[in-house]
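Input: a single structure, listed below in structure tokens.
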Amino acid sequence: MAARSKFSNDLWFNAAAFGGSAVLGVLLNLFIVRYHDAAALGVFNQVYAVYILLSQLAVGGVHLAVQAIAPRELQAGRSYDAGLSATLLLSGLSSAIVMAVAWTFRDLPGRWFSSAGVEAGFPPVIIGLLFFSWNKVLLSFHNGARRMRLFAVFQFLRFAGLLGGVMWLSLEGADPWRLPVVLAWTEIGLFALLLPLTLKWWRPWKLAGLQGALVEHFRFGNRALPGNLLLDVNTRVDVFMLGLFTGDAAVGLYSFAATVAEGALQLPVLFRNNINPVIASAWTRGGRRLLNKLLPRNRRAFFRILAPLMLLSVALFPLALWVLGMQEEPMTVWAVYAILALGIAASSGHQPFLMLFSQLGRPGTQTLFIAGVFLSNVLLNLALIPWLGLYGAALATALSFLVLAGLLTWLARRTFDVVL
């Protein structure tokens with residue numbers, strides 16, 4: 001009963017934090033498009049897309065090792081000090097390599113998108129990759145230890161930092177291409193807060209078992225990296241593709257709707273962050289028998305909660321645009337959002353189980369699963385954007401959500417003989 005109460009309390013607290021984060025994300029995009037223009041928003045989100053791609057290379061997948069291994073060690077009553085130290089060392093090394101390569105080829109994103117704004121705005125964000133990587137590891141540690149309130153607060157602070165930084169730069173009269181630098185500023189600030197707090201549960205001077213932890217976490221992260229990389233890049237495939245086929249302004253309009261949809265996707269992420277340690281614990285305690293009770297019951301519950309909310313958001317979206325004063329092609333933005341939201345609604349019961357295979361110690365299967373979803377998204381965007389433009393990108397992404405649900409169900413039965 002206590003475990004269920006903790007899950008419920010954590011869920012409601014995280015719901016408030018993630019809801020606030022989604023609102024801040026929308027306000028960030030709205031501020032850029034209103035204070036500057038759609039092209040400035042397009043530049044910001046294209047730099048953001050490249051940053052997300054590089055950030056996953058920087059962390060090297062070891063944060064997923066933390067999420068899977070920390071609950072196991074803590075539940076067994078063993079110290080995780082060496083494990084956390086190992087992952088910070090590994091992610092620091094991989095971040096240094098990625099930053100060096102990114103700086104060497106810093107003009108490439110601008111040429112890729114044929115955008116002078118992206119070319120100027122990308123180099124200042126590179127330093128943020130190191131701190132993003134360390135923050136990812138530390139937050140994964142707290143997630144694995146089920147300190148969900150701390151986890152939620154820092155997710156909220158990330159969006160608050162981004163919005164505050166963009167507003168400050170804009171009001172100071174900075175050029176629009178300078179806005180992406182807040183991506184780096186925010187991660188540096190979060191690390192300065194998160195590290196001292198983490199020392200309450202982490203003793204970095206306790207190095208017994210460090211060598212073994214380095215090997216275990218490196219191997220796990222190395223197997224999980226391709227899938228995790230594709231998972232995060234998959235959220236930006238539509239923006240990447242639109243950047244190739246269209247200009248900054250079109251990307252800006254699309255990314256406004258996509259940001260709202262991404263905010264809506266934080267609801268399944270909220271459930272995922274809370275159910276992930278529960279899945280790992282259930283597998284350890286009861287194996288297939290317990291999972292066959294846990295997974296279908298929660299999938300149905302998640303769908304009953306999330307699908308109606310997504311449909312309601314489609315109906316209320318035009319009103320929200322009017323209240324927010326969005327004047328740049330509001331009906332186009334609404335149509336794009338409606339297509340994305342319908343895809344989320346249809347797959348909403350499955351979305352919280354996106355990391356199922358990683359949580360159960362099968363990072364290779366996790367990579368195969370995400371690769372299938374990613375490939376479908378890329379192919380659908382390539383087929384539909386030249387034909388339907390912004391609407392094609394939205395439809396392709398929505399259809400990829402359905403691929404996600406079908407592939408997840410099939411692989412779960414094939415790999416663990418569990419019904420999702």
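By order in the structure tokens, chains are A, B, ...; within a chain, residues start at 1; ligands start at 1, following the order shown.
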Using 10 Å as the limit and counting only C-alpha atoms, can you tabulate each residue of region 104-128 of chain A that touches region 87-99 of chain A, with its shortest atom-to-atom distance in Å and the two atoms involved, as JSON lines?
{"residue": "A:Thr104", "atom": "CA", "partner": "A:Met99", "partner_atom": "CA", "distance": 8.5}
{"residue": "A:Phe105", "atom": "CA", "partner": "A:Met99", "partner_atom": "CA", "distance": 9.9}
{"residue": "A:Arg106", "atom": "CA", "partner": "A:Met99", "partner_atom": "CA", "distance": 9.7}
{"residue": "A:Pro123", "atom": "CA", "partner": "A:Met99", "partner_atom": "CA", "distance": 9.9}
{"residue": "A:Val125", "atom": "CA", "partner": "A:Met99", "partner_atom": "CA", "distance": 9.9}
{"residue": "A:Ile126", "atom": "CA", "partner": "A:Met99", "partner_atom": "CA", "distance": 6.1}
{"residue": "A:Ile127", "atom": "CA", "partner": "A:Met99", "partner_atom": "CA", "distance": 7.0}
{"residue": "A:Gly128", "atom": "CA", "partner": "A:Met99", "partner_atom": "CA", "distance": 9.1}
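In this structure, CA of Asn273 (chain A) sits 21.3 Å away from CA of Ala371 (chain A).
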Write out as number ranges by chain which residues come within 9 Å of region 224-241 of chain A when counting only C-alpha atoms, dropping same-chain ones fewer than 2 positions away. A: 42, 45-46, 48-50, 52-57, 59-62, 64-65, 113, 219-222, 243-246, 251, 254-255, 258, 262, 358, 362-371, 373-375, 377-378, 381-382, 385, 390, 393-394, 396-397
I'd like to know which residues of region 48-184 of chain A are helix (DSSP H, G or I) (by DSSP, run on the backbone); could you write them as a ChimeraX atom specification? /A:48-59,62-75,81-104,108-113,116-121,123-125,128-144,148-171,176-184
Choose the residue, out of A:Trp283, A:Trp202, A:Trp410, A:Phe416, that has the smallest atom-to-atom separation from Gln359 (chain A); count only C-alpha atoms. A:Trp283
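CA of Gly252 (chain A) sits 4.8 Å away from CA of Leu41 (chain A).
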To one decimal in Å, tell me the separation between CA of Tyr391 (chain A) and CA of Ala335 (chain A).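 CA of Ala335 (chain A) lies at a distance of 7.6 Å from CA of Tyr391 (chain A).
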Contact residues around Trp177 (chain A) with only C-alpha atoms at 9 Å, ignoring same-chain residues under 5 positions, as a compact mmCIF listing (two decimals) with C-alpha atoms, in the first residue's frame:
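File written: result.txt
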# COMPACT_ATOMS: atom_id res chain seq x y z
CA ALA A 40 14.02 33.33 -35.55
CA VAL A 43 16.75 29.04 -36.29
CA PHE A 44 16.36 28.34 -32.56
CA ALA A 116 23.19 31.90 -41.78
CA GLY A 117 21.34 32.12 -38.44
CA VAL A 118 22.02 28.46 -37.64
CA GLU A 119 25.67 28.84 -38.67
CA ALA A 120 26.12 31.77 -36.25
CA GLY A 121 23.98 30.36 -33.44
CA PHE A 122 25.42 26.86 -33.18
Do a neighbour search on Ala184 (chain A) at 10 Å with only C-alpha atoms, toss out local chain neighbours closer than 2 positions, and write the hits as a list of chain:residue names.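 Skipping anything fewer than 2 positions along the chain leaves A:Tyr51, A:Pro124, A:Val125, A:Ile126, A:Ile127, A:Gly128, A:Leu129, A:Leu130, A:Phe131, A:Phe132, A:Leu162, A:Pro180, A:Val181, A:Val182, A:Thr186, A:Glu187, A:Ile188, A:Gly189.
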